[in-house]
file coords.pdb (PDB, C-alpha atoms and all ligand atoms)
ATOM      1  CA  MET A  83     -12.973  39.937 -21.850  1.00  0.00           C
ATOM      2  CA  PRO A  84     -13.076  40.874 -18.145  1.00  0.00           C
ATOM      3  CA  TYR A  85     -16.411  42.693 -18.231  1.00  0.00           C
ATOM      4  CA  ALA A  86     -18.834  40.419 -20.094  1.00  0.00           C
ATOM      5  CA  TYR A  87     -22.175  41.216 -18.465  1.00  0.00           C
ATOM      6  CA  ASP A  88     -24.742  38.451 -17.886  1.00  0.00           C
ATOM      7  CA  ASP A  89     -28.269  39.840 -18.362  1.00  0.00           C
ATOM      8  CA  ASP A  90     -29.692  36.855 -16.472  1.00  0.00           C
ATOM      9  CA  ASN A  91     -28.026  37.688 -13.151  1.00  0.00           C
ATOM     10  CA  ILE A  92     -30.364  38.121 -10.184  1.00  0.00           C
ATOM     11  CA  PHE A  93     -29.801  41.870  -9.782  1.00  0.00           C
ATOM     12  CA  ALA A  94     -30.570  42.453 -13.465  1.00  0.00           C
ATOM     13  CA  LYS A  95     -33.866  40.670 -12.828  1.00  0.00           C
ATOM     14  CA  ILE A  96     -34.517  42.879  -9.795  1.00  0.00           C
ATOM     15  CA  LEU A  97     -33.842  45.972 -11.917  1.00  0.00           C
ATOM     16  CA  ARG A  98     -36.300  44.697 -14.543  1.00  0.00           C
ATOM     17  CA  ASP A  99     -38.893  44.117 -11.758  1.00  0.00           C
ATOM     18  CA  GLU A 100     -38.954  40.406 -12.582  1.00  0.00           C
ATOM     19  CA  ILE A 101     -38.361  39.543  -8.931  1.00  0.00           C
ATOM     20  CA  PRO A 102     -39.326  41.629  -5.897  1.00  0.00           C
ATOM     21  CA  ASN A 103     -36.975  43.505  -3.594  1.00  0.00           C
ATOM     22  CA  ASP A 104     -37.195  45.458  -0.356  1.00  0.00           C
ATOM     23  CA  THR A 105     -36.192  48.883  -1.672  1.00  0.00           C
ATOM     24  CA  VAL A 106     -34.534  51.365   0.687  1.00  0.00           C
ATOM     25  CA  MET A 107     -33.841  54.092  -1.864  1.00  0.00           C
ATOM     26  CA  GLU A 108     -34.003  54.576  -5.637  1.00  0.00           C
ATOM     27  CA  THR A 109     -32.715  57.290  -7.961  1.00  0.00           C
ATOM     28  CA  GLU A 110     -32.221  57.662 -11.717  1.00  0.00           C
ATOM     29  CA  HIS A 111     -28.987  55.658 -11.700  1.00  0.00           C
ATOM     30  CA  THR A 112     -28.989  53.679  -8.468  1.00  0.00           C
ATOM     31  CA  LEU A 113     -31.045  51.220  -6.405  1.00  0.00           C
ATOM     32  CA  ALA A 114     -30.533  50.341  -2.730  1.00  0.00           C
ATOM     33  CA  PHE A 115     -32.366  47.356  -1.245  1.00  0.00           C
ATOM     34  CA  ARG A 116     -32.104  44.962   1.674  1.00  0.00           C
ATOM     35  CA  ASP A 117     -30.053  41.793   1.320  1.00  0.00           C
ATOM     36  CA  ILE A 118     -32.209  38.671   1.279  1.00  0.00           C
ATOM     37  CA  ARG A 119     -29.745  36.896   3.638  1.00  0.00           C
ATOM     38  CA  PRO A 120     -28.694  39.674   6.021  1.00  0.00           C
ATOM     39  CA  GLN A 121     -25.323  39.216   7.716  1.00  0.00           C
ATOM     40  CA  ALA A 122     -25.914  42.074  10.158  1.00  0.00           C
ATOM     41  CA  LYS A 123     -28.924  43.751  11.735  1.00  0.00           C
ATOM     42  CA  THR A 124     -28.863  46.188   8.829  1.00  0.00           C
ATOM     43  CA  HIS A 125     -27.590  44.810   5.505  1.00  0.00           C
ATOM     44  CA  VAL A 126     -28.264  46.886   2.403  1.00  0.00           C
ATOM     45  CA  LEU A 127     -27.000  46.367  -1.140  1.00  0.00           C
ATOM     46  CA  VAL A 128     -26.419  49.386  -3.369  1.00  0.00           C
ATOM     47  CA  ILE A 129     -26.291  48.742  -7.118  1.00  0.00           C
ATOM     48  CA  PRO A 130     -25.992  50.933 -10.193  1.00  0.00           C
ATOM     49  CA  LYS A 131     -28.755  50.539 -12.753  1.00  0.00           C
ATOM     50  CA  GLY A 132     -26.121  50.349 -15.492  1.00  0.00           C
ATOM     51  CA  LYS A 133     -24.620  47.051 -16.580  1.00  0.00           C
ATOM     52  CA  TYR A 134     -21.357  46.853 -14.625  1.00  0.00           C
ATOM     53  CA  VAL A 135     -19.904  43.565 -13.457  1.00  0.00           C
ATOM     54  CA  ASN A 136     -17.817  44.716 -10.514  1.00  0.00           C
ATOM     55  CA  HIS A 137     -16.122  47.595  -8.730  1.00  0.00           C
ATOM     56  CA  ASP A 138     -13.295  48.246 -11.169  1.00  0.00           C
ATOM     57  CA  HIS A 139     -15.645  47.962 -14.154  1.00  0.00           C
ATOM     58  CA  PHE A 140     -17.941  50.580 -12.609  1.00  0.00           C
ATOM     59  CA  CYS A 141     -15.112  52.908 -11.551  1.00  0.00           C
ATOM     60  CA  LEU A 142     -13.439  52.755 -14.976  1.00  0.00           C
ATOM     61  CA  GLU A 143     -16.461  52.769 -17.296  1.00  0.00           C
ATOM     62  CA  ALA A 144     -19.425  54.478 -15.580  1.00  0.00           C
ATOM     63  CA  SER A 145     -20.236  58.115 -16.256  1.00  0.00           C
ATOM     64  CA  GLU A 146     -19.459  60.761 -13.659  1.00  0.00           C
ATOM     65  CA  ALA A 147     -23.205  61.200 -13.109  1.00  0.00           C
ATOM     66  CA  GLU A 148     -23.592  57.494 -12.327  1.00  0.00           C
ATOM     67  CA  ILE A 149     -20.584  57.463  -9.997  1.00  0.00           C
ATOM     68  CA  VAL A 150     -21.670  60.571  -8.110  1.00  0.00           C
ATOM     69  CA  ASP A 151     -25.241  59.313  -7.820  1.00  0.00           C
ATOM     70  CA  PHE A 152     -24.129  55.886  -6.594  1.00  0.00           C
ATOM     71  CA  ASN A 153     -21.934  57.334  -3.874  1.00  0.00           C
ATOM     72  CA  ARG A 154     -24.542  59.872  -2.816  1.00  0.00           C
ATOM     73  CA  VAL A 155     -27.116  57.091  -2.455  1.00  0.00           C
ATOM     74  CA  ALA A 156     -24.657  55.029  -0.411  1.00  0.00           C
ATOM     75  CA  GLY A 157     -24.162  57.987   1.922  1.00  0.00           C
ATOM     76  CA  GLN A 158     -27.866  58.723   2.082  1.00  0.00           C
ATOM     77  CA  VAL A 159     -28.615  55.101   3.000  1.00  0.00           C
ATOM     78  CA  CYS A 160     -26.171  55.358   5.917  1.00  0.00           C
ATOM     79  CA  ALA A 161     -27.803  58.597   7.043  1.00  0.00           C
ATOM     80  CA  ALA A 162     -31.397  57.441   6.538  1.00  0.00           C
ATOM     81  CA  LEU A 163     -30.814  54.206   8.475  1.00  0.00           C
ATOM     82  CA  GLU A 164     -28.907  56.111  11.199  1.00  0.00           C
ATOM     83  CA  LEU A 165     -25.693  54.118  10.732  1.00  0.00           C
ATOM     84  CA  GLN A 166     -23.318  57.082  10.920  1.00  0.00           C
ATOM     85  CA  PRO A 167     -20.823  56.812  13.781  1.00  0.00           C
ATOM     86  CA  THR A 168     -21.072  59.473  16.455  1.00  0.00           C
ATOM     87  CA  GLU A 169     -18.430  60.212  19.109  1.00  0.00           C
ATOM     88  CA  GLY A 170     -16.788  56.818  18.574  1.00  0.00           C
ATOM     89  CA  ALA A 171     -20.019  54.841  18.849  1.00  0.00           C
ATOM     90  CA  GLY A 172     -22.103  53.198  16.125  1.00  0.00           C
ATOM     91  CA  GLY A 173     -20.778  52.824  12.625  1.00  0.00           C
ATOM     92  CA  TYR A 174     -20.998  50.561   9.619  1.00  0.00           C
ATOM     93  CA  ARG A 175     -18.915  48.621   7.087  1.00  0.00           C
ATOM     94  CA  VAL A 176     -18.841  48.909   3.291  1.00  0.00           C
ATOM     95  CA  ILE A 177     -17.654  45.889   1.274  1.00  0.00           C
ATOM     96  CA  SER A 178     -17.570  44.962  -2.400  1.00  0.00           C
ATOM     97  CA  ASN A 179     -16.572  41.497  -3.571  1.00  0.00           C
ATOM     98  CA  ALA A 180     -15.069  41.316  -7.071  1.00  0.00           C
ATOM     99  CA  GLY A 181     -14.481  38.000  -8.808  1.00  0.00           C
ATOM    100  CA  GLY A 182     -14.036  34.445  -7.671  1.00  0.00           C
ATOM    101  CA  ASP A 183     -11.185  35.045  -5.231  1.00  0.00           C
ATOM    102  CA  ALA A 184     -13.428  37.443  -3.302  1.00  0.00           C
ATOM    103  CA  GLY A 185     -16.439  35.126  -3.516  1.00  0.00           C
ATOM    104  CA  GLN A 186     -18.565  37.432  -5.664  1.00  0.00           C
ATOM    105  CA  GLU A 187     -21.877  35.620  -6.061  1.00  0.00           C
ATOM    106  CA  VAL A 188     -23.837  38.078  -8.198  1.00  0.00           C
ATOM    107  CA  PRO A 189     -22.018  39.454 -11.276  1.00  0.00           C
ATOM    108  CA  HIS A 190     -23.639  42.884 -11.162  1.00  0.00           C
ATOM    109  CA  TYR A 191     -21.633  45.513  -9.274  1.00  0.00           C
ATOM    110  CA  HIS A 192     -22.815  46.104  -5.722  1.00  0.00           C
ATOM    111  CA  ILE A 193     -21.613  47.274  -2.379  1.00  0.00           C
ATOM    112  CA  HIS A 194     -22.745  45.810   0.915  1.00  0.00           C
ATOM    113  CA  ILE A 195     -23.514  48.264   3.717  1.00  0.00           C
ATOM    114  CA  LEU A 196     -23.540  46.444   7.049  1.00  0.00           C
ATOM    115  CA  GLY A 197     -24.375  47.964  10.412  1.00  0.00           C
ATOM    116  CA  GLY A 198     -26.793  48.210  13.260  1.00  0.00           C
ATOM    117  CA  GLY A 199     -24.496  46.678  15.873  1.00  0.00           C
ATOM    118  CA  SER A 200     -20.969  45.419  16.500  1.00  0.00           C
ATOM    119  CA  LEU A 201     -19.626  43.751  13.347  1.00  0.00           C
ATOM    120  CA  GLY A 202     -16.530  42.044  14.688  1.00  0.00           C
ATOM    121  CA  PRO A 203     -13.197  41.931  12.833  1.00  0.00           C
ATOM    122  CA  MET A 204     -13.333  42.327   9.055  1.00  0.00           C
ATOM    123  CA  LEU A 205     -10.871  39.557   8.176  1.00  0.00           C
ATOM    124  CA  SER A 206     -11.082  36.125   9.725  1.00  0.00           C
TER     125      SER A 206
HETATM  126  P1  LIG B 301     -21.732  38.902  -3.256  1.00  0.00           P
HETATM  127  O1  LIG B 301     -21.260  37.603  -2.690  1.00  0.00           O
HETATM  128  O2  LIG B 301     -21.924  38.831  -4.744  1.00  0.00           O
HETATM  129  O3  LIG B 301     -20.848  40.058  -2.821  1.00  0.00           O
HETATM  130  O4  LIG B 301     -23.123  39.199  -2.568  1.00  0.00           O
HETATM  131  C1  LIG B 301     -24.346  38.957  -3.184  1.00  0.00           C
HETATM  132  C2  LIG B 301     -25.412  39.220  -2.145  1.00  0.00           C
HETATM  133  O5  LIG B 301     -26.654  39.203  -2.809  1.00  0.00           O
HETATM  134  C3  LIG B 301     -25.477  38.183  -1.018  1.00  0.00           C
HETATM  135  O6  LIG B 301     -25.300  38.825   0.227  1.00  0.00           O
HETATM  136  C4  LIG B 301     -26.880  37.583  -1.173  1.00  0.00           C
HETATM  137  O7  LIG B 301     -27.493  37.306   0.068  1.00  0.00           O
HETATM  138  C5  LIG B 301     -27.609  38.654  -1.939  1.00  0.00           C
HETATM  139  N1  LIG B 301     -28.685  38.139  -2.773  1.00  0.00           N
HETATM  140  C6  LIG B 301     -28.646  37.063  -3.617  1.00  0.00           C
HETATM  141  N2  LIG B 301     -29.819  36.904  -4.222  1.00  0.00           N
HETATM  142  C7  LIG B 301     -30.628  37.894  -3.772  1.00  0.00           C
HETATM  143  C8  LIG B 301     -31.980  38.252  -4.062  1.00  0.00           C
HETATM  144  O8  LIG B 301     -32.676  37.627  -4.844  1.00  0.00           O
HETATM  145  N3  LIG B 301     -32.469  39.340  -3.409  1.00  0.00           N
HETATM  146  C9  LIG B 301     -31.717  40.055  -2.519  1.00  0.00           C
HETATM  147  N4  LIG B 301     -32.302  41.118  -1.946  1.00  0.00           N
HETATM  148  N5  LIG B 301     -30.439  39.747  -2.233  1.00  0.00           N
HETATM  149  C10 LIG B 301     -29.909  38.676  -2.856  1.00  0.00           C
END
call {"tool": "encode", "arguments": {"input": "coords.pdb", "output": "structure tokens"}}
result
Amino acid sequence: MPYAYDDDNIFAKILRDEIPNDTVMETEHTLAFRDIRPQAKTHVLVIPKGKYVNHDHFCLEASEAEIVDFNRVAGQVCAALELQPTEGAGGYRVISNAGGDAGQEVPHYHIHILGGGSLGPMLS
């Protein structure tokens, strides 16, 4: 059972408004908010409102509307926070941890968008 969803995870509680968040953008299917422990000057998490555990679960099981909306929000966050690279300068990183080997802490699918300054090498 790879995709058993835990309704008590912290992002589920955020989606139910049981704990506060610093929202950057919200649509019918997607929420983007700032990470509580930022690892870059700008660190935003983008999550679907549907109950998906990780990246492959979302990509395989979400509706096309959810997938399109999620990716549009991710792009709009980059644009709204002026993270888009221009002429070789600026830029950002998108990461999603899935499962224990990747160190996934919260079992509700999310991507990290990191930017706002030099990020250093991805793998260390
Ligand atoms: P993961 O390791 O699962 O890819 O990342 C989970 C992220 O969620 C971490 O960067 C962590 O700082 C963030 N996080 C954990 N709890 C909360 C919370 O209550 N609010 C917010 N905004 N971020 C959280």
call {"tool": "residues_around", "arguments": {"input": "coords.pdb", "residues": "Ser200 of chain A", "least_positions_apart": "5", "cutoff": "9 Å", "atoms": "only C-alpha atoms", "output": "PDB file with C-alpha atoms, in the coordinates of the input"}}
result
ATOM      1  CA  ALA A 122     -25.914  42.074  10.158  1.00  0.00           C
ATOM      2  CA  GLY A 172     -22.103  53.198  16.125  1.00  0.00           C
ATOM      3  CA  GLY A 173     -20.778  52.824  12.625  1.00  0.00           C
ATOM      4  CA  TYR A 174     -20.998  50.561   9.619  1.00  0.00           C
TER       5      TYR A 174
END
call {"tool": "axis_aligned_box", "arguments": {"input": "coords.pdb", "around": "ligand LIG 301 (chain B)", "padding_each_side": "5 Å", "output": "AutoDock Vina command-line options"}}
result
--center_x -26.8 --center_y 39.0 --center_z -2.3 --size_x 21.8 --size_y 14.2 --size_z 15.1
call {"tool": "closest_residue", "arguments": {"input": "coords.pdb", "among": "A:Ala156, A:Ala180, A:Leu97, A:Met107", "to": "ligand LIG 301 (chain B)", "atoms": "only C-alpha atoms and all ligand atoms"}}
result
A:Ala180
call {"tool": "residues_around", "arguments": {"input": "coords.pdb", "residues": "Ala162 of chain A", "least_positions_apart": "5", "cutoff": "12 Å", "atoms": "all atoms listed in the file", "output": "list in words"}}
result
Val106, Met107, Ala114, Thr124, Val126, Arg154, Val155, Ala156 and Gly157 of chain A
call {"tool": "residues_around", "arguments": {"input": "coords.pdb", "residues": "Ala86 of chain A", "least_positions_apart": "3", "cutoff": "10 Å", "atoms": "all atoms listed in the file", "output": "list in words"}}
result
Met83, Asp89, Lys133, Tyr134, Val135 and Pro189 of chain A
call {"tool": "residues_near_ligand", "arguments": {"input": "coords.pdb", "ligand": "ligand LIG 301 (chain B)", "cutoff": "12 Å", "atoms": "all atoms listed in the file", "output": "PyMOL selection string"}}
result
chain A and resi 91-97+99-106+113-122+124-129+135-137+176-196
call {"tool": "atom_distance", "arguments": {"input": "coords.pdb", "atom1": "atom CA of Lys123 of chain A", "atom2": "atom CA of Ala161 of chain A"}}
result
15.6 Å
call {"tool": "atom_distance", "arguments": {"input": "coords.pdb", "atom1": "atom CA of Glu143 of chain A", "atom2": "atom CA of Glu110 of chain A"}}
result
17.4 Å
call {"tool": "atom_distance", "arguments": {"input": "coords.pdb", "atom1": "atom CA of Asp138 of chain A", "atom2": "atom CA of Tyr85 of chain A"}}
result
9.5 Å
call {"tool": "closest_residue", "arguments": {"input": "coords.pdb", "among": "A:Thr168, A:Pro84, A:Gly202, A:Cys160", "to": "His139 of chain A", "atoms": "all atoms listed in the file"}}
result
A:Pro84
call {"tool": "build_atoms", "arguments": {"input": "coords.pdb", "residues": "segment 98-117 of chain A", "atoms": "N, CA and C atoms", "output": "compact mmCIF listing (two decimals), in the frame of the given file"}}
result
# COMPACT_ATOMS: atom_id res chain seq x y z
N ARG A 98 -35.22 44.81 -13.54
CA ARG A 98 -36.30 44.70 -14.54
C ARG A 98 -37.65 44.40 -13.88
N ASP A 99 -37.67 44.41 -12.53
CA ASP A 99 -38.89 44.12 -11.76
C ASP A 99 -39.42 42.70 -12.03
N GLU A 100 -38.54 41.79 -12.36
CA GLU A 100 -38.95 40.41 -12.58
C GLU A 100 -39.01 39.63 -11.27
N ILE A 101 -38.24 40.10 -10.28
CA ILE A 101 -38.36 39.54 -8.93
C ILE A 101 -38.42 40.71 -7.95
N PRO A 102 -39.12 40.51 -6.83
CA PRO A 102 -39.33 41.63 -5.90
C PRO A 102 -38.07 41.95 -5.08
N ASN A 103 -38.06 43.14 -4.51
CA ASN A 103 -36.98 43.50 -3.59
C ASN A 103 -37.53 44.46 -2.54
N ASP A 104 -36.81 44.56 -1.45
CA ASP A 104 -37.20 45.46 -0.36
C ASP A 104 -36.37 46.75 -0.53
N THR A 105 -36.93 47.67 -1.30
CA THR A 105 -36.19 48.88 -1.67
C THR A 105 -36.04 49.84 -0.49
N VAL A 106 -34.82 50.34 -0.33
CA VAL A 106 -34.53 51.36 0.69
C VAL A 106 -34.52 52.74 0.03
N MET A 107 -33.98 52.81 -1.18
CA MET A 107 -33.84 54.09 -1.86
C MET A 107 -33.65 53.83 -3.36
N GLU A 108 -34.18 54.73 -4.19
CA GLU A 108 -34.00 54.58 -5.64
C GLU A 108 -33.86 55.95 -6.27
N THR A 109 -32.92 56.06 -7.20
CA THR A 109 -32.72 57.29 -7.96
C THR A 109 -32.63 56.92 -9.44
N GLU A 110 -32.32 57.91 -10.26
CA GLU A 110 -32.22 57.66 -11.72
C GLU A 110 -31.21 56.57 -12.05
N HIS A 111 -30.08 56.56 -11.34
CA HIS A 111 -28.99 55.66 -11.70
C HIS A 111 -28.73 54.53 -10.71
N THR A 112 -29.41 54.54 -9.58
CA THR A 112 -28.99 53.68 -8.47
C THR A 112 -30.19 53.10 -7.73
N LEU A 113 -30.02 51.86 -7.23
CA LEU A 113 -31.04 51.22 -6.40
C LEU A 113 -30.37 50.67 -5.15
N ALA A 114 -31.00 50.91 -4.00
CA ALA A 114 -30.53 50.34 -2.73
C ALA A 114 -31.67 49.50 -2.16
N PHE A 115 -31.34 48.27 -1.77
CA PHE A 115 -32.37 47.36 -1.25
C PHE A 115 -31.74 46.43 -0.22
N ARG A 116 -32.61 45.81 0.60
CA ARG A 116 -32.10 44.96 1.67
C ARG A 116 -31.68 43.59 1.15
N ASP A 117 -30.56 43.11 1.69
CA ASP A 117 -30.05 41.79 1.32
C ASP A 117 -31.03 40.72 1.79
